[in-house]
$ cat final.cif   # mmCIF, C-alpha atoms
data_upload
loop_
_atom_site.label_atom_id
_atom_site.label_comp_id
_atom_site.auth_asym_id
_atom_site.auth_seq_id
_atom_site.Cartn_x
_atom_site.Cartn_y
_atom_site.Cartn_z
CA MET F 1 23.04 15.81 10.89
CA GLU F 2 19.78 15.81 12.83
CA SER F 3 16.48 17.30 11.76
CA LEU F 4 15.21 20.35 13.61
CA GLN F 5 11.64 20.51 14.79
CA ILE F 6 10.00 23.21 16.89
CA ALA F 7 6.29 23.09 17.62
CA ARG F 8 4.38 26.17 16.59
CA SER F 9 3.03 28.45 19.33
CA LYS F 10 0.83 31.53 19.24
CA ASP F 11 3.77 33.92 18.91
CA THR F 12 6.48 31.67 17.45
CA LEU F 13 6.79 29.80 14.16
CA GLY F 14 6.47 26.09 13.65
CA VAL F 15 9.79 24.82 12.32
CA ASN F 16 10.46 21.59 10.47
CA PHE F 17 13.91 21.29 8.93
CA ASN F 18 14.38 17.82 7.51
CA ALA F 19 18.07 16.88 7.31
CA LYS F 20 17.38 13.86 5.05
CA THR F 21 15.32 15.60 2.37
CA GLY F 22 16.56 19.19 2.77
CA VAL F 23 12.96 20.39 2.93
CA LEU F 24 12.57 23.24 5.41
CA THR F 25 9.21 24.55 6.57
CA LEU F 26 8.42 27.72 8.50
CA GLU F 27 4.78 28.32 9.35
CA GLY F 28 2.56 30.37 11.60
CA SER F 29 3.07 33.75 13.23
CA SER F 30 6.12 35.33 14.75
CA TYR F 31 6.09 38.11 17.33
CA PRO F 32 8.02 36.77 20.33
CA GLU F 33 9.76 38.89 22.91
CA ASN F 34 13.16 37.97 21.52
CA PRO F 35 13.08 36.81 17.89
CA VAL F 36 16.89 36.81 17.74
CA ALA F 37 17.01 34.04 20.36
CA PHE F 38 14.29 32.12 18.50
CA PHE F 39 16.05 32.30 15.12
CA LYS F 40 19.53 31.47 16.47
CA PRO F 41 19.13 27.65 16.35
CA LEU F 42 17.56 27.94 12.87
CA THR F 43 20.53 29.85 11.49
CA HIS F 44 22.88 27.51 13.27
CA TRP F 45 21.18 24.47 11.73
CA LEU F 46 21.24 26.00 8.24
CA ARG F 47 24.94 26.81 8.47
CA GLY F 48 25.68 23.26 9.64
CA TYR F 49 23.57 21.69 6.89
CA ILE F 50 25.24 23.71 4.16
CA GLN F 51 28.74 22.95 5.44
CA GLU F 52 28.15 19.25 6.04
CA THR F 53 26.04 18.19 3.10
CA HIS F 54 26.27 20.87 0.37
CA GLY F 55 22.86 19.38 -0.37
CA VAL F 56 19.57 20.38 -1.93
CA LEU F 57 17.43 22.85 0.02
CA THR F 58 13.77 23.69 -0.39
CA LEU F 59 12.35 26.34 1.89
CA ASN F 60 8.57 26.47 2.23
CA ILE F 61 7.34 29.58 3.98
CA ASN F 62 3.75 29.80 5.16
CA ILE F 63 3.58 32.78 7.46
CA GLY F 64 0.51 34.81 8.37
CA TYR F 65 2.07 37.47 10.53
CA LEU F 66 5.56 38.75 11.36
CA ASN F 67 6.45 41.66 13.60
CA THR F 68 9.19 43.99 12.44
CA SER F 69 11.92 42.44 14.53
CA SER F 70 11.04 38.94 13.27
CA SER F 71 11.08 40.20 9.68
CA LYS F 72 14.66 41.24 10.20
CA CYS F 73 15.54 37.78 11.52
CA LEU F 74 13.86 36.13 8.54
CA ILE F 75 15.72 38.41 6.12
CA ASP F 76 19.03 37.46 7.76
CA PHE F 77 18.06 33.79 7.39
CA LEU F 78 17.10 34.26 3.73
CA GLU F 79 20.37 36.05 3.03
CA MET F 80 22.31 33.10 4.35
CA LEU F 81 20.31 30.87 2.02
CA ASP F 82 20.91 33.28 -0.85
CA LYS F 83 24.65 33.20 -0.28
CA TYR F 84 24.54 29.41 -0.64
CA TYR F 85 22.47 29.74 -3.83
CA ARG F 86 24.91 32.26 -5.31
CA ALA F 87 27.76 29.84 -4.57
CA GLY F 88 25.96 27.22 -6.67
CA GLY F 89 23.79 25.59 -3.99
CA PRO F 90 20.55 24.01 -5.27
CA VAL F 91 17.92 26.11 -3.46
CA THR F 92 14.18 26.48 -4.05
CA LEU F 93 12.05 29.05 -2.24
CA ASN F 94 8.27 28.77 -2.09
CA TRP F 95 6.35 31.49 -0.30
CA HIS F 96 2.78 30.53 0.56
CA TYR F 97 0.30 33.22 1.56
CA GLU F 98 -3.44 33.38 2.21
CA ALA F 99 -5.06 34.11 -1.12
CA ASP F 100 -6.77 37.33 0.03
CA ASP F 101 -3.89 38.59 2.14
CA GLU F 102 -2.46 41.27 -0.15
CA ASP F 103 -0.28 42.74 2.61
CA MET F 104 1.49 39.44 3.24
CA LEU F 105 1.95 38.95 -0.52
CA GLU F 106 3.50 42.42 -0.69
CA SER F 107 5.77 41.76 2.33
CA GLY F 108 6.88 38.44 0.90
CA ARG F 109 7.70 39.97 -2.48
CA GLU F 110 9.56 42.78 -0.81
CA MET F 111 11.63 40.41 1.31
CA CYS F 112 12.56 38.35 -1.72
CA GLU F 113 13.19 41.12 -4.25
CA ASP F 114 16.84 41.60 -3.31
CA LEU F 115 17.60 37.88 -3.32
CA GLU F 116 18.97 36.02 -6.29
CA ILE F 117 17.04 32.85 -5.44
CA PRO F 118 13.87 32.83 -7.54
CA CYS F 119 10.93 33.04 -5.14
CA THR F 120 7.59 31.53 -6.08
CA MET F 121 4.62 33.23 -4.45
CA ILE F 122 1.85 30.66 -3.98
CA PRO F 123 -1.69 31.62 -2.88
CA VAL F 124 -3.36 29.02 -0.62
CA MET X 1 -8.29 60.81 48.55
CA LYS X 2 -10.39 61.78 45.55
CA SER X 3 -13.40 59.61 44.99
CA PHE X 4 -13.02 57.12 42.16
CA ASN X 5 -15.95 57.80 39.90
CA VAL X 6 -16.41 54.73 37.79
CA PHE X 7 -19.41 56.11 35.96
CA GLU X 8 -17.49 59.18 34.78
CA PHE X 9 -14.71 56.94 33.65
CA TYR X 10 -17.16 54.75 31.77
CA GLN X 11 -18.84 57.77 30.17
CA PHE X 12 -15.50 59.16 29.09
CA MET X 13 -14.54 55.89 27.41
CA GLN X 14 -17.98 55.67 25.83
CA GLU X 15 -17.85 59.19 24.42
CA HIS X 16 -14.45 58.56 22.92
CA ASN X 17 -15.41 55.19 21.45
CA VAL X 18 -12.72 53.31 23.31
CA ILE X 19 -13.08 49.62 22.46
CA ILE X 20 -10.01 48.29 24.25
CA SER X 21 -8.04 49.82 27.08
CA PHE X 22 -5.16 48.59 29.15
CA LYS X 23 -3.02 50.17 31.84
CA GLY X 24 -0.26 48.36 33.66
CA GLU X 25 2.77 46.19 33.14
CA MET X 26 3.02 45.10 29.56
CA SER X 27 4.65 41.72 29.15
CA GLN X 28 4.77 39.29 26.24
CA ALA X 29 2.08 37.06 27.80
CA ILE X 30 -0.27 40.00 28.34
CA LEU X 31 0.37 41.32 24.87
CA VAL X 32 -0.48 37.94 23.33
CA SER X 33 -3.75 37.84 25.31
CA ILE X 34 -4.81 41.37 24.42
CA GLY X 35 -3.87 40.68 20.80
CA ASP X 36 -6.20 37.65 20.80
CA LEU X 37 -8.98 39.66 22.38
CA LEU X 38 -8.52 42.41 19.82
CA LYS X 39 -8.66 40.04 16.83
CA GLU X 40 -11.69 38.23 18.19
CA LYS X 41 -13.52 41.44 18.91
CA LEU X 42 -12.90 42.95 15.48
CA LEU X 43 -13.72 39.75 13.63
CA CYS X 44 -17.02 39.47 15.54
CA GLU X 45 -17.89 42.94 14.30
CA ASP X 46 -17.28 41.84 10.70
CA THR X 47 -14.31 44.14 10.29
CA ASP X 48 -12.44 43.50 7.06
CA GLN X 49 -9.72 40.84 7.58
CA ARG X 50 -7.08 43.09 6.09
CA VAL X 51 -7.96 45.93 8.47
CA VAL X 52 -7.94 43.53 11.45
CA LYS X 53 -4.43 42.45 10.51
CA LYS X 54 -3.26 46.04 10.20
CA VAL X 55 -4.68 47.03 13.60
CA PHE X 56 -3.15 43.89 15.12
CA PHE X 57 0.24 44.61 13.56
CA ILE X 58 0.31 48.17 14.88
CA PHE X 59 -0.97 47.10 18.28
CA ILE X 60 1.88 44.56 18.62
CA GLU X 61 4.58 47.03 17.54
CA LEU X 62 3.37 49.69 19.97
CA ALA X 63 2.84 47.25 22.85
CA GLN X 64 6.35 45.83 22.38
CA ASN X 65 7.69 49.39 22.42
CA ILE X 66 6.13 49.83 25.85
CA TYR X 67 7.68 46.75 27.37
CA ARG X 68 11.05 47.43 25.82
CA TYR X 69 11.39 51.14 26.35
CA SER X 70 9.11 52.34 29.15
CA SER X 71 11.22 53.65 32.01
CA ALA X 72 8.52 52.70 34.52
CA ARG X 73 9.46 49.08 35.06
CA SER X 74 8.68 46.22 37.37
CA MET X 75 9.16 42.50 37.58
CA LEU X 76 6.53 40.29 36.01
CA GLU X 77 6.83 36.58 35.28
CA HIS X 78 10.43 36.90 36.52
CA LYS X 79 11.19 39.33 33.77
CA GLN X 80 11.37 43.07 33.49
CA ALA X 81 8.18 44.58 32.11
CA GLY X 82 7.46 48.14 31.09
CA MET X 83 4.43 49.96 32.39
CA GLY X 84 2.20 51.90 30.06
CA VAL X 85 -1.26 52.48 28.64
CA LEU X 86 -2.83 51.28 25.42
CA PHE X 87 -6.14 52.39 23.94
CA ILE X 88 -7.90 51.45 20.76
CA ARG X 89 -10.67 53.73 19.58
CA GLU X 90 -13.16 52.92 16.89
CA ASP X 91 -14.83 55.65 14.87
CA GLU X 92 -17.15 55.22 11.95
CA THR X 93 -14.40 55.39 9.34
CA HIS X 94 -11.27 54.33 11.20
CA PHE X 95 -9.52 52.85 14.20
CA THR X 96 -6.87 54.67 16.23
CA VAL X 97 -4.28 52.89 18.35
CA PHE X 98 -2.72 54.93 21.22
CA ALA X 99 0.24 53.91 23.35
CA GLY X 100 1.67 55.92 26.22
CA ASN X 101 4.52 55.40 28.63
CA VAL X 102 7.02 57.18 30.83
CA LEU X 103 10.47 57.90 29.39
CA THR X 104 13.39 60.17 30.08
CA PRO X 105 12.95 63.57 28.38
CA GLU X 106 15.98 62.74 26.19
CA ALA X 107 14.45 59.48 24.97
CA ALA X 108 11.10 61.21 24.37
CA ALA X 109 12.81 63.96 22.35
CA ASP X 110 14.65 61.31 20.34
CA ILE X 111 11.44 59.45 19.44
CA THR X 112 9.65 62.72 18.62
CA GLU X 113 12.49 63.59 16.23
CA GLN X 114 12.40 60.12 14.64
CA CYS X 115 8.65 60.44 14.09
CA ALA X 116 9.04 63.89 12.51
CA THR X 117 11.64 62.50 10.10
CA ILE X 118 9.54 59.46 9.21
CA ASN X 119 6.36 61.53 8.76
CA ARG X 120 8.07 63.66 6.12
CA LEU X 121 8.76 60.65 3.89
CA GLY X 122 6.52 59.50 1.04
CA PRO X 123 5.69 55.81 0.42
CA GLU X 124 8.70 55.14 -1.84
CA GLU X 125 11.13 56.87 0.52
CA LEU X 126 9.65 54.93 3.45
CA LYS X 127 10.21 51.69 1.59
CA GLN X 128 13.83 52.61 0.81
CA ARG X 129 14.49 53.65 4.41
CA TYR X 130 12.84 50.46 5.67
CA LYS X 131 14.98 48.25 3.44
CA GLU X 132 18.18 50.10 4.35
CA GLN X 133 17.49 49.81 8.07
CA MET X 134 16.57 46.13 7.68
CA ARG X 135 20.09 45.44 6.46
CA GLN X 136 21.83 47.38 9.22
CA PRO X 137 23.42 45.28 11.97
CA ARG X 138 21.51 45.13 15.23
CA GLU X 139 22.42 47.10 18.31
CA GLY X 140 22.56 44.21 20.77
CA ASP X 141 19.34 42.29 20.21
CA GLU X 142 17.44 45.43 19.28
CA ILE X 143 16.61 46.67 15.82
CA GLY X 144 17.54 50.32 15.62
CA GLY X 145 16.82 53.30 13.46
CA GLY X 146 13.12 53.55 14.18
CA LEU X 147 12.41 50.47 12.07
CA GLY X 148 9.31 49.64 14.11
CA LEU X 149 8.01 53.19 13.67
CA ILE X 150 8.66 53.09 9.92
CA SER X 151 6.76 49.83 9.59
CA ILE X 152 3.80 51.29 11.53
CA VAL X 153 3.54 54.27 9.19
CA ARG X 154 3.86 52.04 6.13
CA LYS X 155 1.18 49.69 7.40
CA ALA X 156 -1.26 52.44 8.42
CA GLY X 157 -0.71 54.79 5.51
CA TYR X 158 -1.00 57.62 8.03
CA PRO X 159 1.63 59.60 9.95
CA LEU X 160 2.45 58.93 13.57
CA ASP X 161 1.03 61.44 16.02
CA VAL X 162 3.33 62.04 18.92
CA TYR X 163 3.01 64.24 21.95
CA THR X 164 4.89 64.55 25.19
CA THR X 165 3.86 65.79 28.62
CA ALA X 166 6.63 66.74 31.04
CA ILE X 167 6.17 65.02 34.41
CA SER X 168 9.37 66.25 36.03
CA GLU X 169 12.89 67.16 35.03
CA ILE X 170 13.78 63.52 34.63
CA GLN X 171 10.49 62.07 33.38
CA SER X 172 8.21 62.65 30.42
CA PHE X 173 5.07 60.90 29.29
CA LEU X 174 5.11 60.06 25.59
CA VAL X 175 2.02 59.16 23.57
CA LEU X 176 2.20 57.67 20.09
CA SER X 177 -0.91 57.19 18.03
CA VAL X 178 -1.80 56.25 14.50
CA ARG X 179 -4.96 55.97 12.45
CA ILE X 180 -6.00 52.93 10.38
CA ASP X 181 -8.81 53.40 7.86
CA LYS X 182 -11.61 50.83 7.73
CA ASP X 183 -12.15 51.20 4.03
CA GLU X 184 -9.18 51.87 1.82
CA GLU X 185 -11.02 51.95 -1.45
#
$ encode --input "final.cif" --output "structure tokens"
Amino acid sequence: MESLQIARSKDTLGVNFNAKTGVLTLEGSSYPENPVAFFKPLTHWLRGYIQETHGVLTLNINIGYLNTSSSKCLIDFLEMLDKYYRAGGPVTLNWHYEADDEDMLESGREMCEDLEIPCTMIPV
Amino acid sequence: MKSFNVFEFYQFMQEHNVIISFKGEMSQAILVSIGDLLKEKLLCEDTDQRVVKKVFFIFIELAQNIYRYSSARSMLEHKQAGMGVLFIREDETHFTVFAGNVLTPEAAADITEQCATINRLGPEELKQRYKEQMRQPREGDEIGGGLGLISIVRKAGYPLDVYTTAISEIQSFLVLSVRIDKDEE
């Protein structure tokens, strides 16, 4: 299982999924033309990791801006993670947000409220 | 050919407090650049960070609507791009983002109807509708059900204004606009 790294750009997230440690990081902003195409390798990697290793997963989110279509992609990704958690997978979710960004805090809470994984909101 | 009176155009923009205007093919690259310009401009003016983010969010949603749905299309950067106009006006108490593009009358009527439905909903109903739509499967790569429009209204806290001008039997010009307050407290 290889790690997945995608450099951050203005309109796409920086991705660092470490296959050895199971620590996944998503950071930056996301408003590309086709978020579905961007998220496809991420979902693919996650599915592969869960099937191959059944290992520990820690997802660190540090996102400043998401357009609506990207939010949907992220929710689909989180639901896949939640399914693993509900099946007994060891999953931790940390959601970092800028300390004065109430809207992002609200969005993060809203995205996590229907998940069973406990989500820790962390101001930075 | 009518003379092109730049001064009149300038005066018109000045009177209506237009701070950013764009007309042409909207592509992802152009949208990213205008978005940068917008953020820089508002931050220079000491606009509240939270308000800047709201204006930026709404700008992106409306600009992406233009390149996805405008029926006036051309090739740009080897991709299809939709033609349209975007204006941002700044008044003392609020910003207003306007987006206009050509559509079929059927598509324009559909969006007008979606806006009317969304505008009738209160904050809690909007949240419920948003969450329901978020969990619906996509239609192709597109998110359906007016999800972008719902998120605009939720972000702005104001209804979407929509009006249509008939160009011909097969073309209409649709304008969407929404207000964002500078001071919420």
$ closest_atom_pairs --input "final.cif" --of "chain X" --to "chain F" --cutoff "8 Å" --atoms "all atoms listed in the file" --output "JSON lines"
{"residue": "X:Gln28", "atom": "CA", "partner": "F:Glu33", "partner_atom": "CA", "distance": 6.0}
{"residue": "X:Val32", "atom": "CA", "partner": "F:Asp11", "partner_atom": "CA", "distance": 7.3}
{"residue": "X:Arg50", "atom": "CA", "partner": "F:Asp101", "partner_atom": "CA", "distance": 6.8}
{"residue": "X:Phe57", "atom": "CA", "partner": "F:Asn67", "partner_atom": "CA", "distance": 6.9}
{"residue": "X:Ile60", "atom": "CA", "partner": "F:Asn67", "partner_atom": "CA", "distance": 7.4}
{"residue": "X:Glu61", "atom": "CA", "partner": "F:Asn67", "partner_atom": "CA", "distance": 6.9}
{"residue": "X:Gln64", "atom": "CA", "partner": "F:Glu33", "partner_atom": "CA", "distance": 7.8}
{"residue": "X:Met134", "atom": "CA", "partner": "F:Lys72", "partner_atom": "CA", "distance": 5.8}
{"residue": "X:Arg135", "atom": "CA", "partner": "F:Lys72", "partner_atom": "CA", "distance": 7.8}
{"residue": "X:Asp141", "atom": "CA", "partner": "F:Val36", "partner_atom": "CA", "distance": 6.5}
{"residue": "X:Glu142", "atom": "CA", "partner": "F:Ser69", "partner_atom": "CA", "distance": 7.9}
{"residue": "X:Ile143", "atom": "CA", "partner": "F:Ser69", "partner_atom": "CA", "distance": 6.4}
{"residue": "X:Leu147", "atom": "CA", "partner": "F:Thr68", "partner_atom": "CA", "distance": 7.2}
{"residue": "X:Gly148", "atom": "CA", "partner": "F:Thr68", "partner_atom": "CA", "distance": 5.9}
{"residue": "X:Ser151", "atom": "CA", "partner": "F:Thr68", "partner_atom": "CA", "distance": 6.9}
$ resolve_selection --input "final.cif" --expression "the PyMOL selection byres ((chain X and resi 26) around 7)" --output "list of chain:residue names"
X:Gly24, X:Glu25, X:Ser27, X:Gln28, X:Ile30, X:Leu31, X:Ile66, X:Tyr67, X:Ala81, X:Gly82, X:Met83, X:Gly84
$ residues_around --input "final.cif" --residues "X:Pro159" --least-positions-apart "5" --cutoff "12 Å" --atoms "all atoms listed in the file" --output "ChimeraX atom specification"
/X:96,114-123,126,149-154,176-180
$ atom_distance --input "final.cif" --atom1 "atom CA of F:Asn60" --atom2 "atom CA of X:Lys155"
24.9 Å
$ residues_around --input "final.cif" --residues "F:Ser9" --least-positions-apart "5" --cutoff "9 Å" --atoms "all atoms listed in the file" --output "list of chain:residue names"
F:Gly14, F:Gly28, F:Ser29, F:Ser30
$ residues_around --input "final.cif" --residues "stretch 47-49 of chain F" --least-positions-apart "5" --cutoff "12 Å" --atoms "only C-alpha atoms" --output "PyMOL selection string"
chain F and resi 1-4+17-24+40-42+54-57+77-81+83-84+89
$ write_last_selection --input "final.cif" --atoms "C-alpha atoms" --output "compact mmCIF listing (two decimals), in the frame of the given file"
# COMPACT_ATOMS: atom_id res chain seq x y z
CA MET F 1 23.04 15.81 10.89
CA GLU F 2 19.78 15.81 12.83
CA SER F 3 16.48 17.30 11.76
CA LEU F 4 15.21 20.35 13.61
CA PHE F 17 13.91 21.29 8.93
CA ASN F 18 14.38 17.82 7.51
CA ALA F 19 18.07 16.88 7.31
CA LYS F 20 17.38 13.86 5.05
CA THR F 21 15.32 15.60 2.37
CA GLY F 22 16.56 19.19 2.77
CA VAL F 23 12.96 20.39 2.93
CA LEU F 24 12.57 23.24 5.41
CA LYS F 40 19.53 31.47 16.47
CA PRO F 41 19.13 27.65 16.35
CA LEU F 42 17.56 27.94 12.87
CA HIS F 54 26.27 20.87 0.37
CA GLY F 55 22.86 19.38 -0.37
CA VAL F 56 19.57 20.38 -1.93
CA LEU F 57 17.43 22.85 0.02
CA PHE F 77 18.06 33.79 7.39
CA LEU F 78 17.10 34.26 3.73
CA GLU F 79 20.37 36.05 3.03
CA MET F 80 22.31 33.10 4.35
CA LEU F 81 20.31 30.87 2.02
CA LYS F 83 24.65 33.20 -0.28
CA TYR F 84 24.54 29.41 -0.64
CA GLY F 89 23.79 25.59 -3.99
$ resolve_selection --input "final.cif" --expression "the PyMOL selection byres ((chain F and resi 119) around 6)" --output "short mmCIF file (atom, residue, chain, number, x, y, z; two decimals) with C-alpha atoms, keeping the file's coordinate frame"
data_model
loop_
_atom_site.label_atom_id
_atom_site.label_comp_id
_atom_site.auth_asym_id
_atom_site.auth_seq_id
_atom_site.Cartn_x
_atom_site.Cartn_y
_atom_site.Cartn_z
CA LEU F 93 12.05 29.05 -2.24
CA ASN F 94 8.27 28.77 -2.09
CA PRO F 118 13.87 32.83 -7.54
CA THR F 120 7.59 31.53 -6.08
#
$ closest_residue --input "final.cif" --among "X:Val18, X:Ala108, X:Leu43, X:Ala166" --to "X:Asp91" --atoms "all atoms listed in the file"
X:Val18
$ atom_distance --input "final.cif" --atom1 "atom CA of X:His16" --atom2 "atom CA of X:Ala99"
15.4 Å
$ atom_distance --input "final.cif" --atom1 "atom CA of F:Ile61" --atom2 "atom CA of F:Arg8"
13.4 Å
$ closest_residue --input "final.cif" --among "X:Val51, X:Ile20, X:Ile111, X:Leu103" --to "X:Leu160" --atoms "all atoms listed in the file"
X:Ile111
$ closest_residue --input "final.cif" --among "F:Ile117, F:Leu74, F:Val124, F:Ile50" --to "F:Glu98" --atoms "only C-alpha atoms"
F:Val124
$ resolve_selection --input "final.cif" --expression "the PyMOL selection byres ((chain X and resi 170) around 12)" --output "tab-separated table (two decimals) with C-alpha atoms, in the frame of the given file"
chain	number	residue	atom	x	y	z
X	71	SER	CA	11.22	53.65	32.01
X	102	VAL	CA	7.02	57.18	30.83
X	103	LEU	CA	10.47	57.90	29.39
X	104	THR	CA	13.39	60.17	30.08
X	105	PRO	CA	12.95	63.57	28.38
X	106	GLU	CA	15.98	62.74	26.19
X	107	ALA	CA	14.45	59.48	24.97
X	108	ALA	CA	11.10	61.21	24.37
X	165	THR	CA	3.86	65.79	28.62
X	166	ALA	CA	6.63	66.74	31.04
X	167	ILE	CA	6.17	65.02	34.41
X	168	SER	CA	9.37	66.25	36.03
X	169	GLU	CA	12.89	67.16	35.03
X	171	GLN	CA	10.49	62.07	33.38
X	172	SER	CA	8.21	62.65	30.42
X	173	PHE	CA	5.07	60.90	29.29
$ build_atoms --input "final.cif" --residues "stretch 104-121 of chain F" --atoms "N, CA, C and O atoms" --output "JSON list (two decimals), in the frame of the given file"
[["chain", "number", "residue", "atom", "x", "y", "z"],
["F", 104, "MET", "N", 0.47, 40.46, 3.05],
["F", 104, "MET", "CA", 1.49, 39.44, 3.24],
["F", 104, "MET", "C", 2.17, 39.13, 1.90],
["F", 104, "MET", "O", 3.38, 38.90, 1.85],
["F", 105, "LEU", "N", 1.39, 39.14, 0.82],
["F", 105, "LEU", "CA", 1.95, 38.95, -0.52],
["F", 105, "LEU", "C", 2.99, 40.04, -0.79],
["F", 105, "LEU", "O", 4.11, 39.76, -1.24],
["F", 106, "GLU", "N", 2.61, 41.26, -0.49],
["F", 106, "GLU", "CA", 3.50, 42.42, -0.69],
["F", 106, "GLU", "C", 4.77, 42.28, 0.17],
["F", 106, "GLU", "O", 5.89, 42.47, -0.32],
["F", 107, "SER", "N", 4.60, 41.93, 1.45],
["F", 107, "SER", "CA", 5.77, 41.76, 2.33],
["F", 107, "SER", "C", 6.69, 40.67, 1.82],
["F", 107, "SER", "O", 7.91, 40.82, 1.83],
["F", 108, "GLY", "N", 6.10, 39.56, 1.40],
["F", 108, "GLY", "CA", 6.88, 38.44, 0.90],
["F", 108, "GLY", "C", 7.69, 38.83, -0.33],
["F", 108, "GLY", "O", 8.89, 38.58, -0.42],
["F", 109, "ARG", "N", 7.01, 39.51, -1.25],
["F", 109, "ARG", "CA", 7.70, 39.97, -2.48],
["F", 109, "ARG", "C", 8.85, 40.90, -2.13],
["F", 109, "ARG", "O", 9.94, 40.80, -2.68],
["F", 110, "GLU", "N", 8.56, 41.80, -1.19],
["F", 110, "GLU", "CA", 9.56, 42.78, -0.81],
["F", 110, "GLU", "C", 10.78, 42.12, -0.17],
["F", 110, "GLU", "O", 11.92, 42.50, -0.42],
["F", 111, "MET", "N", 10.52, 41.09, 0.65],
["F", 111, "MET", "CA", 11.63, 40.41, 1.31],
["F", 111, "MET", "C", 12.48, 39.64, 0.32],
["F", 111, "MET", "O", 13.66, 39.43, 0.54],
["F", 112, "CYS", "N", 11.84, 39.18, -0.76],
["F", 112, "CYS", "CA", 12.56, 38.35, -1.72],
["F", 112, "CYS", "C", 13.19, 39.15, -2.86],
["F", 112, "CYS", "O", 14.02, 38.62, -3.59],
["F", 113, "GLU", "N", 12.79, 40.43, -3.03],
["F", 113, "GLU", "CA", 13.19, 41.12, -4.25],
["F", 113, "GLU", "C", 14.70, 41.38, -4.35],
["F", 113, "GLU", "O", 15.20, 41.57, -5.45],
["F", 114, "ASP", "N", 15.39, 41.39, -3.23],
["F", 114, "ASP", "CA", 16.84, 41.60, -3.31],
["F", 114, "ASP", "C", 17.63, 40.30, -3.26],
["F", 114, "ASP", "O", 18.85, 40.31, -3.18],
["F", 115, "LEU", "N", 16.92, 39.17, -3.31],
["F", 115, "LEU", "CA", 17.60, 37.88, -3.32],
["F", 115, "LEU", "C", 17.80, 37.42, -4.76],
["F", 115, "LEU", "O", 17.03, 37.79, -5.65],
["F", 116, "GLU", "N", 18.81, 36.60, -4.95],
["F", 116, "GLU", "CA", 18.97, 36.02, -6.29],
["F", 116, "GLU", "C", 18.17, 34.73, -6.46],
["F", 116, "GLU", "O", 17.84, 34.35, -7.57],
["F", 117, "ILE", "N", 17.87, 34.07, -5.36],
["F", 117, "ILE", "CA", 17.04, 32.85, -5.44],
["F", 117, "ILE", "C", 15.69, 33.24, -6.03],
["F", 117, "ILE", "O", 15.08, 34.19, -5.54],
["F", 118, "PRO", "N", 15.22, 32.53, -7.06],
["F", 118, "PRO", "CA", 13.87, 32.83, -7.54],
["F", 118, "PRO", "C", 12.84, 32.43, -6.47],
["F", 118, "PRO", "O", 12.94, 31.34, -5.91],
["F", 119, "CYS", "N", 11.93, 33.33, -6.17],
["F", 119, "CYS", "CA", 10.93, 33.04, -5.14],
["F", 119, "CYS", "C", 9.56, 32.88, -5.78],
["F", 119, "CYS", "O", 9.12, 33.75, -6.53],
["F", 120, "THR", "N", 8.92, 31.76, -5.53],
["F", 120, "THR", "CA", 7.59, 31.53, -6.08],
["F", 120, "THR", "C", 6.55, 31.90, -5.03],
["F", 120, "THR", "O", 6.55, 31.34, -3.94],
["F", 121, "MET", "N", 5.68, 32.85, -5.37],
["F", 121, "MET", "CA", 4.62, 33.23, -4.45],
["F", 121, "MET", "C", 3.39, 32.36, -4.75],
["F", 121, "MET", "O", 2.90, 32.35, -5.88]]
